[in-house]
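Asks: So here's target.tsv, just TSV, C-alpha atoms:
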chain	number	residue	atom	x	y	z
A	1	ILE	CA	10.06	14.22	3.10
A	2	LEU	CA	6.85	14.57	1.13
A	3	VAL	CA	6.34	10.82	0.77
A	4	GLY	CA	6.81	10.46	4.53
A	5	ALA	CA	4.33	13.25	5.19
A	6	GLY	CA	1.88	11.67	2.75
A	7	TRP	CA	2.24	8.32	4.44
A	8	TYR	CA	1.72	9.95	7.84
A	9	CYS	CA	-1.46	11.64	6.55
A	10	ARG	CA	-2.78	8.53	4.78
A	11	ARG	CA	-6.02	8.60	6.79
A	12	ASN	CA	-6.68	12.16	5.59
A	13	ALA	CA	-7.44	11.48	1.94
A	14	GLN	CA	-7.35	15.11	0.85
A	15	ALA	CA	-3.92	15.82	2.35
A	16	HIS	CA	-2.54	12.40	1.43
A	17	LYS	CA	-3.26	12.64	-2.28
A	18	ARG	CA	-1.90	16.18	-2.50
A	19	LEU	CA	1.31	15.31	-0.67
A	20	MET	CA	1.90	12.22	-2.79
A	21	LEU	CA	1.25	14.24	-5.95
A	22	MET	CA	3.78	16.85	-4.85
A	23	ALA	CA	6.32	14.14	-3.98
A	24	THR	CA	5.94	12.74	-7.49
A	25	MET	CA	6.16	16.16	-9.12
A	26	SER	CA	9.22	17.12	-7.08
A	27	GLY	CA	11.23	14.05	-7.89
A	28	LEU	CA	10.14	12.69	-11.23
A	29	VAL	CA	8.84	15.45	-13.46
A	30	GLY	CA	12.17	17.25	-13.99
A	31	PRO	CA	14.11	14.25	-15.32
A	32	GLY	CA	11.15	13.22	-17.46
A	33	ILE	CA	10.77	16.65	-19.02
A	34	SER	CA	14.51	16.93	-19.65
A	35	ARG	CA	14.25	13.94	-21.98
A	36	LEU	CA	11.59	15.52	-24.22
A	37	PRO	CA	13.02	16.61	-27.59
A	38	PHE	CA	11.92	20.25	-27.29
A	39	ALA	CA	13.31	20.61	-23.75
A	40	SER	CA	16.49	18.53	-23.87
A	41	GLY	CA	19.51	20.66	-22.95
A	42	LYS	CA	17.40	23.77	-22.28
A	43	PRO	CA	17.30	24.44	-18.52
A	44	PRO	CA	14.90	27.43	-18.76
A	45	VAL	CA	12.33	25.31	-20.62
A	46	ILE	CA	12.73	22.45	-18.14
A	47	GLY	CA	12.38	24.84	-15.20
A	48	LEU	CA	9.21	26.44	-16.57
A	49	MET	CA	7.65	23.07	-17.27
A	50	VAL	CA	8.47	21.80	-13.77
A	51	LEU	CA	6.96	24.97	-12.27
A	52	ALA	CA	3.83	24.47	-14.36
A	53	PHE	CA	3.44	20.95	-12.96
A	54	LEU	CA	4.15	22.06	-9.38
A	55	PHE	CA	1.55	24.83	-9.51
A	56	ALA	CA	-1.11	22.81	-11.38
A	57	GLY	CA	-2.52	21.25	-8.19
A	58	PRO	CA	-2.75	24.45	-6.13
A	59	LEU	CA	-4.21	26.29	-9.12
A	60	TYR	CA	-6.82	23.56	-9.61
A	61	ASP	CA	-7.78	23.84	-5.93
A	62	LEU	CA	-8.00	27.61	-6.19
A	63	VAL	CA	-10.26	27.47	-9.24
A	64	THR	CA	-12.53	24.63	-8.11
A	65	ARG	CA	-12.60	25.09	-4.33
A	66	ARG	CA	-11.73	28.81	-4.11
A	67	ARG	CA	-8.92	28.06	-1.67
A	68	VAL	CA	-5.59	26.27	-1.71
A	69	HIS	CA	-5.33	23.19	0.50
A	70	THR	CA	-2.98	23.47	3.46
A	71	ALA	CA	-0.86	20.58	2.18
A	72	TYR	CA	0.08	22.69	-0.85
A	73	LEU	CA	0.90	25.73	1.27
A	74	TRP	CA	3.98	24.05	2.72
A	75	SER	CA	4.75	21.36	0.11
A	76	VAL	CA	5.17	23.77	-2.82
A	77	PRO	CA	7.79	25.94	-1.06
A	78	LEU	CA	9.49	22.78	0.21
A	79	SER	CA	9.57	21.40	-3.34
A	80	LEU	CA	11.05	24.62	-4.69
A	81	LEU	CA	13.54	25.53	-1.96
A	82	ALA	CA	14.60	22.48	0.03
A	83	ILE	CA	14.46	19.46	-2.25
A	84	PRO	CA	16.65	20.66	-5.18
A	85	PRO	CA	19.74	21.40	-3.03
A	86	VAL	CA	19.40	18.07	-1.23
A	87	VAL	CA	19.07	16.19	-4.52
A	88	THR	CA	22.07	18.05	-5.93
A	89	LEU	CA	24.23	17.20	-2.92
A	90	LEU	CA	23.18	13.56	-2.79
A	91	SER	CA	23.55	12.98	-6.52
A	92	ALA	CA	27.24	13.86	-6.33
A	93	THR	CA	28.08	11.24	-3.69
A	94	ALA	CA	29.82	7.96	-4.42
A	95	THR	CA	27.12	6.09	-2.51
A	96	TRP	CA	24.42	7.39	-4.84
A	97	HIS	CA	26.50	6.43	-7.87
A	98	GLN	CA	26.77	2.89	-6.50
A	99	VAL	CA	23.02	2.72	-5.90
A	100	ALA	CA	22.30	4.08	-9.39
A	101	ALA	CA	24.71	1.59	-10.98
A	102	MET	CA	23.03	-1.25	-9.07
A	103	LEU	CA	19.57	-0.07	-10.18
A	104	LEU	CA	20.65	0.15	-13.82
A	105	ARG	CA	21.85	-3.45	-13.98
Take the structure in the file and give it back as structure tokens.

Replies:
Amino acid sequence: ILVGAGWYCRRNAQAHKRLMLMATMSGLVGPGISRLPFASGKPPVIGLMVLAFLFAGPLYDLVTRRRVHTAYLWSVPLSLLAIPPVVTLLSATATWHQVAAMLLR
């Protein structure tokens, strides 16, 4: 969803880069953090680290520009509320397991 929105807003550099950053944070940061030695097998640590990454962009905007960009106003809640359940549901399907097995070859 966020990659699609970022692609759609590609002519608006400010929105595009924020949406693509949030798409990356939403999908890739959690698995990466879960592999770190101090966080492995500790869901609270992983969750806090993911939240820190998700809020880094809006916090930077707030400090440097004194306002949060509109792209963050809807992408952060989407990243927190909508994407995790979808990922959880899709990751349990046989189709995803086939795709993952094919990618790991």

Asks: Between atom CA of A:Ala82 and atom CA of A:Met22, measure the distance and give it in Å to one decimal.

Replies: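 Calculated distance between atom CA of A:Ala82 and atom CA of A:Met22 is 13.1 Å.
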
Asks: Expressed in Å to a single decimal, how great is the separation between atom CA of A:Pro31 and atom CA of A:Ala5?

Replies: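 One can read the atom CA of A:Pro31 to atom CA of A:Ala5 distance as 22.7 Å.
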
Asks: By how many Å are atom CA of A:Val99 and atom CA of A:Gly30 apart?

Replies: 19.9 Å

Asks: Can you tell me which residues surround A:Leu51 at a distance of at most 10 Å, considering only C-alpha atoms, apart from same-chain residues fewer than 6 positions away, and format the answer as a PyMOL selection string?

Replies: chain A and resi 25-26+29-30+45+76+79-80

Asks: How about saving the chosen residues, C-alpha atoms kept, as an mmCIF file, in the frame of the given file?

Replies:
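again-v7.cif, freshly written:
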data_model
loop_
_atom_site.group_PDB
_atom_site.id
_atom_site.type_symbol
_atom_site.label_atom_id
_atom_site.label_comp_id
_atom_site.auth_asym_id
_atom_site.auth_seq_id
_atom_site.Cartn_x
_atom_site.Cartn_y
_atom_site.Cartn_z
ATOM 1 C CA MET A 25 6.160 16.160 -9.120
ATOM 2 C CA SER A 26 9.220 17.120 -7.080
ATOM 3 C CA VAL A 29 8.840 15.450 -13.460
ATOM 4 C CA GLY A 30 12.170 17.250 -13.990
ATOM 5 C CA VAL A 45 12.330 25.310 -20.620
ATOM 6 C CA VAL A 76 5.170 23.770 -2.820
ATOM 7 C CA SER A 79 9.570 21.400 -3.340
ATOM 8 C CA LEU A 80 11.050 24.620 -4.690
#

Asks: Check the smallest atom-to-atom distance from each of A:Gln98, A:Ser75, A:Thr93, A:Thr88 to A:Met20 using all atoms listed in the file, then report the winner.

Replies: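 Ranking A:Gln98, A:Ser75, A:Thr93, A:Thr88 by distance to A:Met20, first place goes to A:Ser75.
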
Asks: Would you pick out the contacts of A:Pro77 at 12 Å or less, using all atoms listed in the file, so that residues sharing its chain but fewer than 3 positions from it are not included, and give the list as a PyMOL selection string?

Replies: chain A and resi 2+22+26+51+54-55+58+70-74+80-84

Asks: Provide an axis-aligned box for all listed atoms of stretch 37-48 of chain A, padding each side by 4 Å; report its centre and its edge lengths in Å to one decimal, as AutoDock Vina command-line options.

Replies:
--center_x 14.4 --center_y 22.0 --center_z -21.4 --size_x 18.3 --size_y 18.8 --size_z 20.4

Asks: Calculated over only C-alpha atoms, which of the candidates A:Cys9, A:Ile33, A:Ala15, A:Arg67 has the smallest distance to A:Ala52?

Replies: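 For A:Ala52, the nearest of the candidates is A:Ile33.
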
Asks: Once N, CA, C and O atoms are restored for stretch 42-66 of chain A, what would the output be as an mmCIF file, in the frame of the given file?

Replies:
data_model
loop_
_atom_site.group_PDB
_atom_site.id
_atom_site.type_symbol
_atom_site.label_atom_id
_atom_site.label_comp_id
_atom_site.auth_asym_id
_atom_site.auth_seq_id
_atom_site.Cartn_x
_atom_site.Cartn_y
_atom_site.Cartn_z
ATOM 1 N N LYS A 42 17.878 22.389 -22.434
ATOM 2 C CA LYS A 42 17.400 23.770 -22.280
ATOM 3 C C LYS A 42 16.868 23.968 -20.861
ATOM 4 O O LYS A 42 15.671 23.841 -20.615
ATOM 5 N N PRO A 43 17.745 24.289 -19.916
ATOM 6 C CA PRO A 43 17.300 24.440 -18.520
ATOM 7 C C PRO A 43 16.138 25.406 -18.298
ATOM 8 O O PRO A 43 15.268 25.116 -17.471
ATOM 9 N N PRO A 44 16.058 26.551 -18.995
ATOM 10 C CA PRO A 44 14.900 27.430 -18.760
ATOM 11 C C PRO A 44 13.568 26.762 -19.123
ATOM 12 O O PRO A 44 12.579 26.917 -18.410
ATOM 13 N N VAL A 45 13.556 26.009 -20.206
ATOM 14 C CA VAL A 45 12.330 25.310 -20.620
ATOM 15 C C VAL A 45 11.968 24.251 -19.590
ATOM 16 O O VAL A 45 10.805 24.127 -19.185
ATOM 17 N N ILE A 46 12.964 23.496 -19.152
ATOM 18 C CA ILE A 46 12.730 22.450 -18.140
ATOM 19 C C ILE A 46 12.193 23.081 -16.864
ATOM 20 O O ILE A 46 11.221 22.595 -16.285
ATOM 21 N N GLY A 47 12.811 24.171 -16.422
ATOM 22 C CA GLY A 47 12.380 24.840 -15.200
ATOM 23 C C GLY A 47 10.947 25.340 -15.284
ATOM 24 O O GLY A 47 10.165 25.179 -14.347
ATOM 25 N N LEU A 48 10.583 25.947 -16.410
ATOM 26 C CA LEU A 48 9.210 26.440 -16.570
ATOM 27 C C LEU A 48 8.198 25.312 -16.586
ATOM 28 O O LEU A 48 7.115 25.427 -16.003
ATOM 29 N N MET A 49 8.556 24.213 -17.229
ATOM 30 C CA MET A 49 7.650 23.070 -17.270
ATOM 31 C C MET A 49 7.471 22.455 -15.879
ATOM 32 O O MET A 49 6.358 22.096 -15.493
ATOM 33 N N VAL A 50 8.554 22.340 -15.128
ATOM 34 C CA VAL A 50 8.470 21.800 -13.770
ATOM 35 C C VAL A 50 7.597 22.723 -12.916
ATOM 36 O O VAL A 50 6.735 22.250 -12.152
ATOM 37 N N LEU A 51 7.798 24.027 -13.025
ATOM 38 C CA LEU A 51 6.960 24.970 -12.270
ATOM 39 C C LEU A 51 5.484 24.839 -12.638
ATOM 40 O O LEU A 51 4.609 24.908 -11.773
ATOM 41 N N ALA A 52 5.216 24.645 -13.923
ATOM 42 C CA ALA A 52 3.830 24.470 -14.360
ATOM 43 C C ALA A 52 3.206 23.248 -13.692
ATOM 44 O O ALA A 52 2.055 23.295 -13.231
ATOM 45 N N PHE A 53 3.958 22.151 -13.623
ATOM 46 C CA PHE A 53 3.440 20.950 -12.960
ATOM 47 C C PHE A 53 3.277 21.164 -11.458
ATOM 48 O O PHE A 53 2.298 20.704 -10.867
ATOM 49 N N LEU A 54 4.231 21.845 -10.827
ATOM 50 C CA LEU A 54 4.150 22.060 -9.380
ATOM 51 C C LEU A 54 2.964 22.945 -8.997
ATOM 52 O O LEU A 54 2.355 22.752 -7.950
ATOM 53 N N PHE A 55 2.638 23.908 -9.839
ATOM 54 C CA PHE A 55 1.550 24.830 -9.510
ATOM 55 C C PHE A 55 0.196 24.376 -10.067
ATOM 56 O O PHE A 55 -0.818 25.013 -9.795
ATOM 57 N N ALA A 56 0.156 23.279 -10.812
ATOM 58 C CA ALA A 56 -1.110 22.810 -11.380
ATOM 59 C C ALA A 56 -2.098 22.406 -10.279
ATOM 60 O O ALA A 56 -3.285 22.753 -10.349
ATOM 61 N N GLY A 57 -1.630 21.684 -9.271
ATOM 62 C CA GLY A 57 -2.520 21.250 -8.190
ATOM 63 C C GLY A 57 -3.079 22.404 -7.380
ATOM 64 O O GLY A 57 -4.305 22.498 -7.195
ATOM 65 N N PRO A 58 -2.209 23.303 -6.872
ATOM 66 C CA PRO A 58 -2.750 24.450 -6.130
ATOM 67 C C PRO A 58 -3.676 25.322 -6.983
ATOM 68 O O PRO A 58 -4.695 25.817 -6.486
ATOM 69 N N LEU A 59 -3.355 25.494 -8.250
ATOM 70 C CA LEU A 59 -4.210 26.290 -9.120
ATOM 71 C C LEU A 59 -5.560 25.621 -9.320
ATOM 72 O O LEU A 59 -6.607 26.289 -9.287
ATOM 73 N N TYR A 60 -5.556 24.301 -9.487
ATOM 74 C CA TYR A 60 -6.820 23.560 -9.610
ATOM 75 C C TYR A 60 -7.669 23.753 -8.349
ATOM 76 O O TYR A 60 -8.876 23.996 -8.443
ATOM 77 N N ASP A 61 -7.051 23.623 -7.180
ATOM 78 C CA ASP A 61 -7.780 23.840 -5.930
ATOM 79 C C ASP A 61 -8.350 25.248 -5.859
ATOM 80 O O ASP A 61 -9.490 25.440 -5.445
ATOM 81 N N LEU A 62 -7.556 26.227 -6.248
ATOM 82 C CA LEU A 62 -8.000 27.610 -6.190
ATOM 83 C C LEU A 62 -9.199 27.858 -7.103
ATOM 84 O O LEU A 62 -10.156 28.536 -6.720
ATOM 85 N N VAL A 63 -9.173 27.273 -8.283
ATOM 86 C CA VAL A 63 -10.260 27.470 -9.240
ATOM 87 C C VAL A 63 -11.513 26.699 -8.820
ATOM 88 O O VAL A 63 -12.626 27.232 -8.874
ATOM 89 N N THR A 64 -11.359 25.452 -8.394
ATOM 90 C CA THR A 64 -12.530 24.630 -8.110
ATOM 91 C C THR A 64 -13.061 24.776 -6.690
ATOM 92 O O THR A 64 -14.255 24.642 -6.460
ATOM 93 N N ARG A 65 -12.176 25.029 -5.730
ATOM 94 C CA ARG A 65 -12.600 25.090 -4.330
ATOM 95 C C ARG A 65 -12.486 26.495 -3.738
ATOM 96 O O ARG A 65 -12.809 26.707 -2.574
ATOM 97 N N ARG A 66 -11.923 27.417 -4.505
ATOM 98 C CA ARG A 66 -11.730 28.810 -4.110
ATOM 99 C C ARG A 66 -10.791 28.984 -2.915
ATOM 100 O O ARG A 66 -10.815 30.004 -2.235
#
